[in-house]
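Asker: Handing you a structure now.
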Amino acid sequence: MTKEIEQGTADLEAKDRLRLSVSLVTQGDHQFYTLTMYSDVLAETCKVTTRKEDPKRGFQRTLDERRAKEIARYIDDENGTIPNSIVLSAQPEANLKIVGRGKTLEFTNTPGAFLILDGQHRVYGFSMARTRLRVPVVIYNGLSRKEETRLFIDINTKQKPVPSQLLLDIKHLADIETESEEALRNIFDRFDTDKRSALKGYMSPAEAAKNKLTRVTFNQAIKPNLSLFSGREPDEIYLILNAYILAVRSEIEKKSSEFILNKPVVFRAFMGIFKYVAQRMVDKYGGDYTPTNFQQIIAPVFQNMQIRKLEKPGTSWSKLQDYLEIRLASKLTL
């Protein structure tokens, strides 16, 4: 029995056998086929072997359903496009054959016909979407499990992901920033460019750099405090935060010649106690957010402090924050 399928020259010549137009590509010691395959066919024929399911032979990570649902929503609700190829390895169940003068690939449409080497969450997400997609696919044939595992390692180590700080830096160009991301970007940029910035020269907008604060670290430190500035513009928030950081910097400079606030652990710890310092500022000085007034609040924290605590802070910003909170509370006077 023969039936048509909507896929280029693909057709079903025998029961459960599919034919697809392909191109043969040679790279190094490997050959593979490039083609397109509909998302529902991928879902029916692909499998994943995880370490949890098969401790001896498995090498894939466990599927994250939340991530797959995000992909499905992106496809259905945002008319999204994901042009990256799914990389597969044909299994014996596929009974893969090349026909039609090497231009057509034939395989059995059965579960487990292909092992996913790259793109398991995309395949899972496509299967959850309402939209039927035509998906770019790469198929290797005749690989041993060792070769499949090595390819999996190569694919997941040789392809360097885009740095998070670069994505934050360019999100506004794509017009996909949230309100808080936009505010954080503007505040960061003021700290980076303003001559009066307490962090001038110590910011790195688009890439990780030694002894500099990235957008990722900055956002992690500042975002929890944004709710304190309800109704204020980014420029106003910058001026208040800059006054606070200037005060902290002044106190540090009394004890050390080293610039310390560019250390992510130290920066996050001091921003972690900002809300407690700000509350005391409001109680004592109202809305007069000057570096001098902030310094009056924060100075007692540094009394008898071993500066080594900040010069060699370790790796836990939360522990350092707890230490600063205790010192701030112990210096409280009424």
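By order of appearance in the structure tokens: chains A, B, ..., then residues from 1 within every chain, and ligands from 1 in the order shown.
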For Pro234 (chain A), list every protein, DNA or RNA residue within 8 Å, evaluated using only C-alpha atoms, and leave out those in the same chain fewer than 5 positions away; present the list as a short mmCIF file (atom, residue, chain, number, x, y, z; two decimals) with C-alpha atoms, in the first residue's frame.
Answerer:
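Result file follows (selection_27.cif):
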data_model
loop_
_atom_site.label_atom_id
_atom_site.label_comp_id
_atom_site.auth_asym_id
_atom_site.auth_seq_id
_atom_site.Cartn_x
_atom_site.Cartn_y
_atom_site.Cartn_z
CA ALA A 183 16.51 49.74 33.57
CA LEU A 184 19.53 47.63 34.54
CA ASN A 186 20.76 52.00 31.49
CA ILE A 187 22.08 52.00 35.06
#
Asker: Hey, could you make a per-residue contact list for region 134-243 of chain A against region 102-108 of chain A with 12 Å as the cut-off, showing the nearest pair of atoms and its distance in Å to one decimal, counting only C-alpha atoms, sorted by chain and number, as a tab-separated table?
Answerer:
residue	atom	partner	partner_atom	distance
A:Val138	CA	A:Leu105	CA	11.9
A:Ile139	CA	A:Leu105	CA	10.1
A:Tyr140	CA	A:Leu105	CA	11.8
A:Asn141	CA	A:Leu105	CA	11.1
Asker: Got time to write the residues from that selection, C-alpha atoms, as a PDB file, in the first residue's frame?
Answerer:
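In the end it all went to again_18.pdb:
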ATOM      1  CA  VAL A 138      22.051  15.865   9.815  1.00  0.00           C
ATOM      2  CA  ILE A 139      22.216  12.048   9.811  1.00  0.00           C
ATOM      3  CA  TYR A 140      25.332   9.954  10.442  1.00  0.00           C
ATOM      4  CA  ASN A 141      25.214   6.295   9.492  1.00  0.00           C
TER       5      ASN A 141
END
Asker: From a DSSP pass on the backbone, collect the residues of region 38-246 of chain A flagged as helix (DSSP H, G or I) and hand them back as a PyMOL selection string.
Answerer: chain A and resi 39-45+65-77+92-94+120-128+145-158+164-174+179-193+215-229+234-246
Asker: A:Gly272, A:Pro291, A:Gly28, A:Pro111: which is nearest Val41 (chain A), counting only C-alpha atoms?
Answerer: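 Going through A:Gly272, A:Pro291, A:Gly28, A:Pro111 one by one, the smallest distance to Val41 (chain A) is for A:Pro111.
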Asker: May I ask which of the residues A:Arg268, A:Gly80, A:Val48, A:Gln306 is the closest one to Asp322 (chain A), counting only C-alpha atoms?
Answerer: A:Arg268
